[in-house]
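Enquirer: For reference, this is model.cif, and it has mmCIF, C-alpha atoms and all ligand atoms.
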data_work
loop_
_atom_site.label_atom_id
_atom_site.label_comp_id
_atom_site.auth_asym_id
_atom_site.auth_seq_id
_atom_site.Cartn_x
_atom_site.Cartn_y
_atom_site.Cartn_z
CA MET B 52 -9.61 10.08 -12.18
CA PHE B 53 -7.29 7.66 -10.36
CA ASP B 54 -8.36 4.02 -10.11
CA TRP B 55 -7.05 3.94 -6.55
CA LEU B 56 -6.20 6.46 -3.87
CA ILE B 57 -3.85 4.96 -1.28
CA VAL B 58 -3.40 6.83 1.97
CA GLY B 59 -0.02 6.21 3.64
CA ALA B 60 3.29 5.31 1.96
CA GLY B 61 4.53 2.88 4.63
CA PHE B 62 4.80 -0.88 4.05
CA ALA B 63 1.02 -1.38 3.84
CA GLY B 64 0.36 1.39 1.30
CA SER B 65 3.52 0.88 -0.74
CA VAL B 66 3.12 -2.89 -1.16
CA LEU B 67 -0.46 -2.39 -2.35
CA ALA B 68 0.52 0.45 -4.69
CA GLU B 69 3.19 -1.77 -6.21
CA ARG B 70 0.87 -4.76 -6.62
CA ILE B 71 -2.02 -2.79 -8.10
CA ALA B 72 0.22 -0.87 -10.50
CA SER B 73 2.23 -3.86 -11.69
CA GLN B 74 -0.34 -6.66 -11.58
CA ARG B 75 -3.59 -4.85 -12.44
CA SER B 76 -2.14 -2.06 -14.60
CA GLU B 77 -4.37 0.41 -12.76
CA SER B 78 -3.46 3.95 -11.77
CA VAL B 79 -2.59 4.72 -8.16
CA LEU B 80 -2.22 8.00 -6.33
CA LEU B 81 -0.22 7.33 -3.17
CA ILE B 82 -0.32 10.13 -0.61
CA ASP B 83 1.42 10.63 2.71
CA ARG B 84 1.27 13.52 5.11
CA ARG B 85 4.93 13.16 5.92
CA SER B 86 7.61 14.53 3.59
CA HIS B 87 8.91 11.08 2.67
CA ILE B 88 7.91 7.56 1.70
CA GLY B 89 8.59 4.46 3.84
CA GLY B 90 6.38 5.24 6.84
CA ASN B 91 8.06 4.42 10.12
CA ALA B 92 10.69 2.32 8.36
CA TYR B 93 12.10 5.46 6.67
CA ASP B 94 15.89 5.79 6.82
CA CYS B 95 18.16 8.57 5.57
CA TYR B 96 21.75 9.76 5.62
CA ASN B 97 22.39 12.42 8.25
CA GLU B 98 24.84 15.33 8.11
CA ALA B 99 27.72 12.98 9.03
CA GLY B 100 26.85 10.66 6.11
CA ILE B 101 25.59 7.94 8.45
CA LEU B 102 22.43 6.00 7.58
CA ILE B 103 19.96 6.40 10.45
CA HIS B 104 16.36 5.35 11.04
CA ARG B 105 14.34 8.46 11.76
CA TYR B 106 11.68 6.58 13.73
CA GLY B 107 13.88 4.25 15.74
CA PRO B 108 15.67 1.00 14.82
CA HIS B 109 13.89 -1.25 12.34
CA ILE B 110 15.25 -4.77 12.13
CA PHE B 111 13.80 -7.06 9.50
CA HIS B 112 13.09 -10.59 10.73
CA THR B 113 10.62 -13.22 9.59
CA ASN B 114 9.96 -16.92 9.19
CA ALA B 115 7.99 -16.40 5.97
CA GLN B 116 9.95 -17.25 2.84
CA SER B 117 7.20 -15.75 0.66
CA ILE B 118 7.65 -12.30 2.28
CA VAL B 119 11.42 -12.44 1.78
CA ASP B 120 10.90 -13.48 -1.87
CA TYR B 121 8.49 -10.62 -2.46
CA LEU B 122 10.76 -7.93 -0.94
CA SER B 123 13.85 -9.38 -2.61
CA GLN B 124 12.51 -8.03 -5.92
CA PHE B 125 13.38 -4.58 -4.61
CA THR B 126 16.47 -5.07 -2.48
CA SER B 127 19.41 -7.30 -1.75
CA TRP B 128 20.14 -8.09 1.88
CA ARG B 129 22.85 -7.70 4.46
CA PRO B 130 22.91 -10.57 6.99
CA TYR B 131 22.39 -9.18 10.46
CA GLU B 132 21.51 -10.87 13.75
CA HIS B 133 20.14 -8.48 16.32
CA ARG B 134 21.60 -8.50 19.83
CA VAL B 135 20.41 -6.36 22.72
CA LEU B 136 21.98 -5.68 26.10
CA ALA B 137 20.21 -4.34 29.19
CA PHE B 138 21.95 -2.02 31.66
CA VAL B 139 20.99 -3.64 34.99
CA ASP B 140 22.64 -3.17 38.39
CA GLY B 141 25.51 -1.36 36.62
CA LYS B 142 26.19 -4.25 34.20
CA LEU B 143 25.48 -4.77 30.50
CA LEU B 144 23.61 -8.09 30.29
CA PRO B 145 22.05 -10.02 27.38
CA ILE B 146 18.31 -9.68 26.88
CA PRO B 147 16.17 -11.84 26.46
CA ILE B 148 17.38 -13.31 29.73
CA ASN B 149 19.65 -16.29 29.07
CA LEU B 150 22.27 -18.35 30.90
CA ASP B 151 24.92 -15.60 30.67
CA THR B 152 22.48 -12.97 31.93
CA ILE B 153 21.88 -14.84 35.18
CA ASN B 154 25.45 -16.02 35.68
CA HIS B 155 26.90 -12.51 35.16
CA LEU B 156 24.19 -10.80 37.19
CA TYR B 157 24.61 -13.01 40.27
CA GLY B 158 28.23 -14.16 39.81
CA LEU B 159 27.12 -17.79 39.35
CA GLU B 160 28.23 -20.63 37.09
CA LEU B 161 24.92 -22.38 36.50
CA SER B 162 24.44 -24.96 33.77
CA PRO B 163 21.30 -24.86 31.57
CA ALA B 164 19.64 -27.52 33.76
CA GLU B 165 20.52 -25.58 36.91
CA LEU B 166 19.13 -22.39 35.38
CA GLU B 167 15.86 -24.20 34.75
CA GLU B 168 15.81 -25.12 38.45
CA PHE B 169 16.71 -21.54 39.35
CA PHE B 170 13.73 -20.20 37.37
CA ALA B 171 11.48 -22.93 38.81
CA SER B 172 12.41 -21.94 42.37
CA ARG B 173 11.60 -18.27 41.70
CA ARG B 174 8.54 -18.60 39.53
CA GLU B 175 5.29 -17.40 41.11
CA THR B 176 2.13 -19.40 40.71
CA VAL B 177 -0.47 -17.29 38.97
CA GLY B 178 -4.01 -18.63 38.59
CA GLU B 179 -5.04 -17.09 35.30
CA ILE B 180 -2.39 -15.22 33.32
CA ARG B 181 -4.03 -11.95 32.30
CA THR B 182 -1.48 -9.16 32.59
CA ALA B 183 2.08 -8.45 31.45
CA GLU B 184 3.20 -8.75 35.07
CA ASP B 185 1.59 -12.21 35.34
CA VAL B 186 3.52 -13.40 32.27
CA VAL B 187 6.90 -12.39 33.66
CA VAL B 188 6.56 -13.31 37.35
CA SER B 189 5.21 -16.73 36.38
CA THR B 190 8.23 -17.31 34.12
CA VAL B 191 11.26 -15.85 35.94
CA GLY B 192 9.97 -14.61 39.30
CA ARG B 193 9.51 -11.20 40.87
CA GLU B 194 13.14 -10.14 41.34
CA LEU B 195 14.05 -10.46 37.67
CA TYR B 196 10.70 -8.91 36.78
CA GLU B 197 11.61 -5.86 38.90
CA LYS B 198 15.13 -5.61 37.48
CA PHE B 199 14.50 -6.17 33.78
CA PHE B 200 10.84 -5.62 32.97
CA ARG B 201 8.88 -3.45 35.35
CA GLY B 202 10.75 -0.16 34.92
CA TYR B 203 11.12 -0.58 31.16
CA THR B 204 7.45 -1.36 30.70
CA ARG B 205 6.38 1.55 32.92
CA LYS B 206 8.52 3.92 30.86
CA GLN B 207 7.38 2.43 27.57
CA TRP B 208 3.65 2.42 28.29
CA GLY B 209 3.27 4.97 31.07
CA VAL B 210 1.40 2.41 33.20
CA ASP B 211 2.38 -0.46 35.45
CA PRO B 212 2.70 -3.91 33.77
CA SER B 213 -0.06 -5.11 36.09
CA GLN B 214 -2.42 -2.84 34.10
CA LEU B 215 -1.38 -4.10 30.67
CA SER B 216 -2.56 -7.09 28.71
CA LYS B 217 -0.34 -10.18 28.60
CA SER B 218 0.28 -9.58 24.87
CA VAL B 219 2.83 -6.85 25.74
CA THR B 220 5.52 -9.19 27.08
CA ALA B 221 4.49 -12.29 25.18
CA ARG B 222 7.02 -11.07 22.60
CA VAL B 223 10.05 -11.45 24.94
CA PRO B 224 11.19 -15.04 25.46
CA THR B 225 13.63 -16.26 28.13
CA ARG B 226 16.24 -18.92 27.43
CA THR B 227 18.21 -21.40 29.47
CA ASN B 228 21.02 -21.65 26.88
CA ARG B 229 23.56 -19.01 25.76
CA ASP B 230 21.70 -17.93 22.62
CA ASP B 231 21.86 -14.14 22.79
CA ARG B 232 20.04 -13.32 19.55
CA TYR B 233 17.08 -11.07 20.16
CA PHE B 234 14.91 -12.78 17.52
CA GLY B 235 14.62 -16.49 16.79
CA ASP B 236 13.39 -16.11 13.19
CA SER B 237 14.99 -17.95 10.30
CA PHE B 238 15.53 -14.72 8.28
CA GLN B 239 17.26 -11.84 10.04
CA GLN B 240 18.64 -9.33 7.59
CA MET B 241 18.66 -5.67 6.64
CA PRO B 242 17.96 -4.21 3.19
CA ALA B 243 21.47 -3.70 1.82
CA GLY B 244 20.85 -0.17 0.53
CA GLY B 245 18.47 0.76 3.35
CA TYR B 246 14.68 0.77 3.61
CA THR B 247 14.04 4.00 1.73
CA ARG B 248 15.99 2.74 -1.30
CA MET B 249 13.88 -0.43 -1.22
CA PHE B 250 10.66 1.64 -1.14
CA GLU B 251 11.89 3.82 -4.02
CA ARG B 252 12.40 0.72 -6.17
CA MET B 253 9.00 -0.66 -5.16
CA LEU B 254 7.22 2.52 -6.17
CA ASP B 255 9.18 3.19 -9.35
CA HIS B 256 6.32 2.42 -11.75
CA PRO B 257 4.60 4.66 -14.32
CA ASN B 258 1.18 3.80 -12.83
CA VAL B 259 2.14 5.15 -9.40
CA LYS B 260 2.04 8.88 -8.63
CA ILE B 261 3.22 10.03 -5.21
CA MET B 262 2.11 13.16 -3.35
CA LEU B 263 3.91 13.89 -0.09
CA GLN B 264 2.99 16.38 2.64
CA THR B 265 -0.58 15.65 1.69
CA ASP B 266 -3.13 14.79 4.36
CA TYR B 267 -6.09 12.71 3.30
CA ARG B 268 -8.43 14.92 5.29
CA GLU B 269 -7.36 17.95 3.25
CA VAL B 270 -7.77 16.36 -0.17
CA ARG B 271 -10.45 13.71 0.21
CA GLU B 272 -13.14 15.83 -1.41
CA ARG B 273 -10.88 17.24 -4.11
CA ILE B 274 -9.12 14.23 -5.60
CA PRO B 275 -11.22 12.02 -7.87
CA PHE B 276 -10.64 8.32 -7.30
CA ARG B 277 -12.58 5.10 -7.68
CA ARG B 278 -11.43 3.04 -4.73
CA LEU B 279 -9.61 3.77 -1.52
CA ILE B 280 -6.96 1.97 0.51
CA TYR B 281 -6.51 3.59 3.88
CA THR B 282 -3.52 2.85 6.13
CA GLY B 283 -3.87 5.78 8.57
CA PRO B 284 -5.50 5.68 12.02
CA ILE B 285 -8.99 4.20 11.79
CA ASP B 286 -10.52 6.55 14.39
CA GLU B 287 -9.27 9.54 12.41
CA PHE B 288 -10.91 8.20 9.23
CA PHE B 289 -14.25 8.38 11.03
CA ASP B 290 -13.51 11.83 12.48
CA TRP B 291 -13.07 10.29 15.96
CA LYS B 292 -16.83 10.09 16.25
CA LEU B 293 -16.76 7.23 18.77
CA GLY B 294 -13.81 8.71 20.68
CA ARG B 295 -10.03 8.52 20.33
CA LEU B 296 -8.09 5.28 20.25
CA PRO B 297 -5.11 5.75 22.60
CA TYR B 298 -1.59 5.40 21.27
CA ARG B 299 1.80 5.53 22.90
CA SER B 300 4.31 7.72 21.11
CA LEU B 301 8.06 8.28 21.18
CA ARG B 302 10.31 11.30 21.08
CA PHE B 303 13.52 10.50 19.22
CA GLU B 304 16.72 12.31 20.06
CA HIS B 305 19.29 11.79 17.30
CA VAL B 306 22.93 12.58 18.12
CA THR B 307 26.28 12.12 16.38
CA LEU B 308 29.45 11.58 18.39
CA GLU B 309 33.09 12.17 17.52
CA CYS B 310 34.09 8.54 18.17
CA GLU B 311 33.91 5.39 16.08
CA GLN B 312 31.86 3.27 18.47
CA PHE B 313 29.72 4.08 21.50
CA GLN B 314 28.32 0.73 22.67
CA PRO B 315 29.06 -2.95 21.95
CA VAL B 316 25.74 -3.79 20.22
CA ALA B 317 23.10 -1.96 18.19
CA VAL B 318 20.64 -1.53 21.06
CA VAL B 319 21.13 -1.09 24.81
CA ASN B 320 18.00 -1.04 27.01
CA TYR B 321 17.76 0.98 30.22
CA PRO B 322 15.12 -0.71 32.42
CA GLN B 323 16.25 0.78 35.76
CA THR B 324 17.83 4.17 35.14
CA GLU B 325 17.47 7.13 32.74
CA ALA B 326 14.35 8.71 31.26
CA TYR B 327 14.92 7.05 27.90
CA THR B 328 14.18 3.38 27.27
CA ARG B 329 16.99 2.53 24.89
CA ILE B 330 19.90 3.78 22.80
CA THR B 331 20.48 2.59 19.25
CA GLU B 332 23.80 2.82 17.44
CA TYR B 333 23.13 2.43 13.72
CA LYS B 334 26.51 1.36 12.41
CA HIS B 335 25.98 -2.06 14.02
CA LEU B 336 22.84 -2.50 11.89
CA THR B 337 24.21 -1.26 8.61
CA GLY B 338 27.87 -2.24 8.82
CA GLN B 339 28.77 1.28 7.72
CA ARG B 340 32.27 2.58 8.42
CA ASN B 341 32.72 6.15 9.56
CA ILE B 342 35.03 7.94 11.98
CA ARG B 343 31.90 9.23 13.76
CA THR B 344 28.87 7.36 15.05
CA SER B 345 25.16 8.21 15.24
CA LEU B 346 22.77 7.24 18.02
CA THR B 347 19.09 7.57 18.80
CA TYR B 348 17.67 7.93 22.31
CA GLU B 349 13.98 6.98 22.68
CA TYR B 350 11.75 8.80 25.16
CA PRO B 351 8.24 7.35 25.41
CA THR B 352 5.42 9.88 25.60
CA ASP B 353 1.67 10.19 25.13
CA ILE B 354 2.01 13.13 22.75
CA GLY B 355 3.13 12.84 19.15
CA ASP B 356 2.77 10.47 16.22
CA PRO B 357 0.76 7.31 16.92
CA TYR B 358 3.24 4.41 17.25
CA TYR B 359 1.96 1.73 19.59
CA PRO B 360 -1.73 0.88 20.12
CA VAL B 361 -2.16 0.58 23.91
CA PRO B 362 -3.17 -3.05 24.53
CA ARG B 363 -6.00 -2.75 27.05
CA PRO B 364 -9.41 -4.44 26.78
CA LYS B 365 -11.40 -1.19 26.62
CA ASN B 366 -9.26 0.06 23.72
CA GLU B 367 -9.76 -3.21 21.88
CA ALA B 368 -13.53 -2.85 22.43
CA LEU B 369 -13.51 0.68 20.98
CA TYR B 370 -11.50 -0.54 18.00
CA LYS B 371 -14.12 -3.24 17.38
CA GLN B 372 -16.76 -0.51 17.11
CA TYR B 373 -14.69 1.32 14.53
CA GLU B 374 -14.09 -1.95 12.71
CA ALA B 375 -17.87 -2.40 12.46
CA LEU B 376 -18.11 1.05 10.81
CA ALA B 377 -15.29 0.10 8.45
CA ASP B 378 -17.12 -3.08 7.46
CA ASN B 379 -19.92 -0.85 6.16
CA CYS B 380 -17.67 1.12 3.82
CA PRO B 381 -17.74 -0.60 0.46
CA ASP B 382 -14.68 0.00 -1.70
CA VAL B 383 -12.52 1.09 1.23
CA TRP B 384 -9.78 -1.29 2.30
CA PHE B 385 -8.32 -0.73 5.78
CA VAL B 386 -4.79 -2.11 6.00
CA GLY B 387 -1.71 -1.76 8.24
CA ARG B 388 -1.04 -1.21 11.90
CA LEU B 389 -2.90 2.11 12.28
CA ALA B 390 -6.00 1.12 10.33
CA THR B 391 -6.32 -2.19 12.21
CA TYR B 392 -5.11 -0.82 15.58
CA ARG B 393 -2.62 -3.59 16.22
CA TYR B 394 1.14 -3.71 16.71
CA TYR B 395 2.53 -5.51 13.70
CA ASN B 396 6.11 -6.09 12.68
CA MET B 397 7.09 -5.14 9.15
CA ASP B 398 6.89 -8.66 7.78
CA GLN B 399 3.37 -9.03 9.19
CA VAL B 400 2.25 -5.81 7.52
CA VAL B 401 3.71 -6.96 4.21
CA GLY B 402 1.83 -10.25 4.68
CA GLN B 403 -1.40 -8.40 5.48
CA ALA B 404 -1.00 -6.16 2.41
CA LEU B 405 -0.33 -9.14 0.11
CA ALA B 406 -3.38 -10.94 1.55
CA THR B 407 -5.48 -7.81 0.94
CA PHE B 408 -4.26 -7.71 -2.63
CA ALA B 409 -5.31 -11.35 -3.09
CA ARG B 410 -8.80 -10.40 -1.82
CA ILE B 411 -8.95 -7.45 -4.19
CA GLN B 412 -8.01 -9.73 -7.07
CA LYS B 413 -10.77 -12.11 -6.10
CA THR B 414 -13.53 -9.56 -5.61
CA ILE B 415 -12.75 -6.90 -8.24
CA PRO B 416 -11.91 -8.12 -11.73
CA ALA B 417 -9.18 -5.87 -13.15
CA SER B 418 -11.36 -4.84 -16.07
CA ASP B 419 -14.21 -3.77 -13.80
CA ARG B 420 -14.22 0.01 -13.63
CA ALA B 421 -16.37 1.20 -10.75
CA PRO B 422 -18.71 4.14 -11.47
CA GLN B 423 -17.38 7.58 -10.56
CA SER B 424 -20.04 8.00 -7.90
CA ALA B 425 -18.55 5.11 -5.96
CA LEU B 426 -16.33 7.48 -4.03
CA ALA B 427 -15.68 6.01 -0.64
CA MET B 428 -16.29 8.71 1.90
CA PRO B 429 -16.78 8.41 5.65
CA VAL B 430 -20.35 8.93 6.75
C1 LIG B 501 10.03 2.60 17.27
C2 LIG B 501 9.56 1.47 16.38
C3 LIG B 501 10.44 0.44 16.11
C4 LIG B 501 10.02 -0.63 15.31
N1 LIG B 501 10.92 -1.63 15.06
C5 LIG B 501 10.55 -2.66 14.27
C6 LIG B 501 11.49 -3.70 13.99
O1 LIG B 501 12.64 -3.70 14.47
N2 LIG B 501 11.08 -4.72 13.19
C7 LIG B 501 9.82 -4.76 12.64
O2 LIG B 501 9.52 -5.70 11.89
N3 LIG B 501 8.92 -3.78 12.90
C8 LIG B 501 9.25 -2.73 13.68
N4 LIG B 501 8.36 -1.72 13.94
C9 LIG B 501 7.02 -1.81 13.34
C10 LIG B 501 6.99 -1.18 11.93
O3 LIG B 501 7.27 0.20 12.05
C11 LIG B 501 5.60 -1.39 11.32
O4 LIG B 501 5.32 -2.76 11.21
C12 LIG B 501 5.44 -0.80 9.93
O5 LIG B 501 6.06 0.45 9.80
C13 LIG B 501 3.95 -0.66 9.66
O6 LIG B 501 3.72 -0.19 8.36
P1 LIG B 501 2.35 0.56 8.05
O7 LIG B 501 2.36 0.85 6.60
O8 LIG B 501 1.20 -0.20 8.60
O9 LIG B 501 2.40 1.89 8.94
P2 LIG B 501 3.36 3.16 8.88
O10 LIG B 501 4.75 2.79 8.61
O11 LIG B 501 3.07 3.95 10.10
O12 LIG B 501 2.80 3.98 7.62
C14 LIG B 501 1.57 4.67 7.67
C15 LIG B 501 1.75 5.97 6.90
O13 LIG B 501 0.46 6.58 6.75
C16 LIG B 501 0.64 7.97 6.83
N5 LIG B 501 -0.66 8.57 7.18
C17 LIG B 501 -1.41 8.32 8.28
N6 LIG B 501 -2.54 9.06 8.25
C18 LIG B 501 -2.50 9.78 7.10
C19 LIG B 501 -3.38 10.74 6.51
N7 LIG B 501 -4.53 11.11 7.09
N8 LIG B 501 -3.03 11.29 5.32
C20 LIG B 501 -1.86 10.95 4.72
N9 LIG B 501 -0.98 10.06 5.23
C21 LIG B 501 -1.30 9.47 6.42
C22 LIG B 501 1.70 8.15 7.90
O14 LIG B 501 2.33 9.41 7.75
C23 LIG B 501 2.62 6.97 7.63
O15 LIG B 501 3.72 7.34 6.82
C24 LIG B 501 8.71 -0.67 14.77
C25 LIG B 501 7.83 0.38 15.05
C26 LIG B 501 8.24 1.43 15.86
C27 LIG B 501 7.27 2.55 16.17
#
Rewrite the coordinates I just gave you, this time as structure tokens.

Expert:
Amino acid sequence: MFDWLIVGAGFAGSVLAERIASQRSESVLLIDRRSHIGGNAYDCYNEAGILIHRYGPHIFHTNAQSIVDYLSQFTSWRPYEHRVLAFVDGKLLPIPINLDTINHLYGLELSPAELEEFFASRRETVGEIRTAEDVVVSTVGRELYEKFFRGYTRKQWGVDPSQLSKSVTARVPTRTNRDDRYFGDSFQQMPAGGYTRMFERMLDHPNVKIMLQTDYREVRERIPFRRLIYTGPIDEFFDWKLGRLPYRSLRFEHVTLECEQFQPVAVVNYPQTEAYTRITEYKHLTGQRNIRTSLTYEYPTDIGDPYYPVPRPKNEALYKQYEALADNCPDVWFVGRLATYRYYNMDQVVGQALATFARIQKTIPASDRAPQSALAMPV
């Protein structure tokens, strides 16, 4: 009998497995239906010996010192500041939009103050900002919206930005200076040995057993456990009984080229042309040297693994109904981006998992062994 069954070996499941094993000395069975640990942050060496991210580029960035301190127990770091270019009107231009973006795009020599005036003259007045389109046209105007945002968002989500909640583009700031870093966070760094190595260290504890290629739905009635932490899709946990929560997925095309470098930065976005949204070149992220280089092309799709919850009010309403069911499952803890149907960055998921652990510590004394009948099954 395991004290805990944890479903999903991504950040949410692995952080909780580590905490429970090391701080409560309780036994954990950690399962994942994939053939590896690390969830979407999984990285591995390909046939050319280049470290790639199987599920697209994962850049660690945060403002939370406590999250960095926690993860630093399992990895050292390589400083890395993420920079992204967008291929617009045949030019490679910094994104988020900054002073250089506008000056290079239009052949101007604006100062920061003049760029502010430029934006002000193009901004559209929007009564109530509700959609992703509203956010962008009220910040930089319609022309830049069309060039940089509309096509990318349509590819990414399969719907027009006017149909998507404002939360989608709230993540992309614009700047009037020349700062071309993609993120503004105080910590921007990559695990020095890669994410998978960090997960291996986190889970290297005698109280943690790992079973891969194991789907919870196949084993839930066969594995004895006392309490459950579930980090998979919440609608699946309840056998989709209220309907399916929509997700946007991605098809990743991984290629290796016989040249040392393909593009000037790790990520180039394609908002106007091509069927893919972006190309990632990993050596920029890892600092690896190799005579070849490996890239990933991302093609958004509706079919495939669930990656991005689709931020529309009716989906949020359906999630709330599932959340109400989850609230009635004693001894089941729903954690992570799939179980809470929200796009979270890695640092946020680590924060959510550590907060969940604090709640577990508060509500379940470590010595308290729940009765065997307290199996947490969906009803
Ligand atoms: C393309 C892409 C790029 C991203 N880039 C960044 C970035 O640059 N920076 C950043 O901070 N964040 C990034 N993220 C977000 C990051 O991936 C997540 O924050 C993080 O992986 C969430 O961890 P998690 O444990 O909640 O979920 P996951 O990593 O998805 O882990 C959940 C695990 O549960 C398993 N599972 C699900 N259901 C079952 C079941 N029934 N039985 C067994 N196992 C199950 C899955 O196989 C999966 O391994 C990106 C996400 C994507 C999709």

Enquirer: Hey, which residues sit close to ligand LIG 501 (chain B)? Say within 6 Å, counting only C-alpha atoms and all ligand atoms, and write them as number ranges by chain.

Expert: B: 58-64, 82-85, 90-92, 106-111, 265-268, 282-284, 358, 387-389, 395-398, 400

Enquirer: Please produce, as a Markdown table, a per-residue contact table for stretch 57-146 of chain B versus stretch 323-339 of chain B (criterion: any atom at most 7 Å away, all atoms listed in the file considered), showing the nearest atom pair and its distance in Å to one decimal, sorted by chain then residue number.

Expert:
| residue | atom | partner | partner_atom | distance |
| --- | --- | --- | --- | --- |
| B:Ile103 | CA | B:Tyr333 | CA | 6.0 |
| B:Pro108 | CA | B:Thr331 | CA | 6.7 |
| B:Tyr131 | CA | B:Leu336 | CA | 6.8 |
| B:Val139 | CA | B:Gln323 | CA | 6.5 |

Enquirer: When you draw a straight line from atom CA of B:Met52 to atom CA of B:Pro275, how long is it in Å?

Expert: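 So the two atoms, atom CA of B:Met52 and atom CA of B:Pro275, lie 5.0 Å apart.
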
Enquirer: My list of candidates is B:Tyr350, B:Tyr298, B:Phe125, B:Phe303. Which is closest to B:Arg393 when distances are computed with only C-alpha atoms?

Expert: B:Tyr298

Enquirer: At what distance in Å, to one decimal, does atom CA of B:Thr225 lie from atom CA of B:Val177?

Expert: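 Here the two named atoms are 17.8 Å from each other.
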
Enquirer: Restricting the calculation to only C-alpha atoms, which member of B:Gln116, B:Lys260, B:Tyr321, B:Ser123 is positioned closest to B:Arg201?

Expert: B:Tyr321

Enquirer: Mind dumping stretch 354-366 of chain B from that block, keeping N, CA, C and O atoms, as a compact mmCIF listing (two decimals), in the first residue's frame?

Expert:
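Here's the written file part36.txt:
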# COMPACT_ATOMS: atom_id res chain seq x y z
N ILE B 354 -5.67 18.60 -32.57
CA ILE B 354 -5.55 17.17 -32.23
C ILE B 354 -4.21 16.93 -31.57
O ILE B 354 -3.20 17.49 -31.99
N GLY B 355 -4.20 16.07 -30.55
CA GLY B 355 -2.92 15.74 -29.92
C GLY B 355 -2.95 16.01 -28.43
O GLY B 355 -4.01 16.25 -27.85
N ASP B 356 -1.77 15.97 -27.82
CA ASP B 356 -1.68 16.18 -26.37
C ASP B 356 -2.28 17.53 -25.98
O ASP B 356 -2.15 18.49 -26.73
N PRO B 357 -2.90 17.60 -24.79
CA PRO B 357 -3.45 18.89 -24.35
C PRO B 357 -2.34 19.83 -23.87
O PRO B 357 -1.65 19.52 -22.91
N TYR B 358 -2.14 20.96 -24.56
CA TYR B 358 -1.08 21.89 -24.14
C TYR B 358 -1.64 23.20 -23.57
O TYR B 358 -1.27 23.61 -22.48
N TYR B 359 -2.51 23.84 -24.34
CA TYR B 359 -2.98 25.16 -23.90
C TYR B 359 -4.49 25.14 -23.68
O TYR B 359 -5.24 24.91 -24.63
N PRO B 360 -4.97 25.38 -22.45
CA PRO B 360 -6.41 25.58 -22.25
C PRO B 360 -6.86 26.75 -23.13
O PRO B 360 -6.15 27.76 -23.22
N VAL B 361 -8.00 26.62 -23.80
CA VAL B 361 -8.44 27.70 -24.69
C VAL B 361 -9.22 28.73 -23.86
O VAL B 361 -10.29 28.43 -23.33
N PRO B 362 -8.66 29.95 -23.74
CA PRO B 362 -9.24 30.93 -22.80
C PRO B 362 -10.49 31.61 -23.34
O PRO B 362 -10.44 32.70 -23.89
N ARG B 363 -11.63 30.94 -23.21
CA ARG B 363 -12.91 31.53 -23.59
C ARG B 363 -13.86 31.36 -22.41
O ARG B 363 -13.77 30.36 -21.68
N PRO B 364 -14.78 32.32 -22.23
CA PRO B 364 -15.64 32.28 -21.04
C PRO B 364 -16.39 30.96 -20.87
O PRO B 364 -16.52 30.44 -19.76
N LYS B 365 -16.89 30.36 -21.97
CA LYS B 365 -17.69 29.14 -21.77
C LYS B 365 -16.80 27.97 -21.30
O LYS B 365 -17.27 27.09 -20.58
N ASN B 366 -15.52 27.99 -21.69
CA ASN B 366 -14.62 26.93 -21.22
C ASN B 366 -14.31 27.10 -19.73
O ASN B 366 -14.23 26.14 -18.98
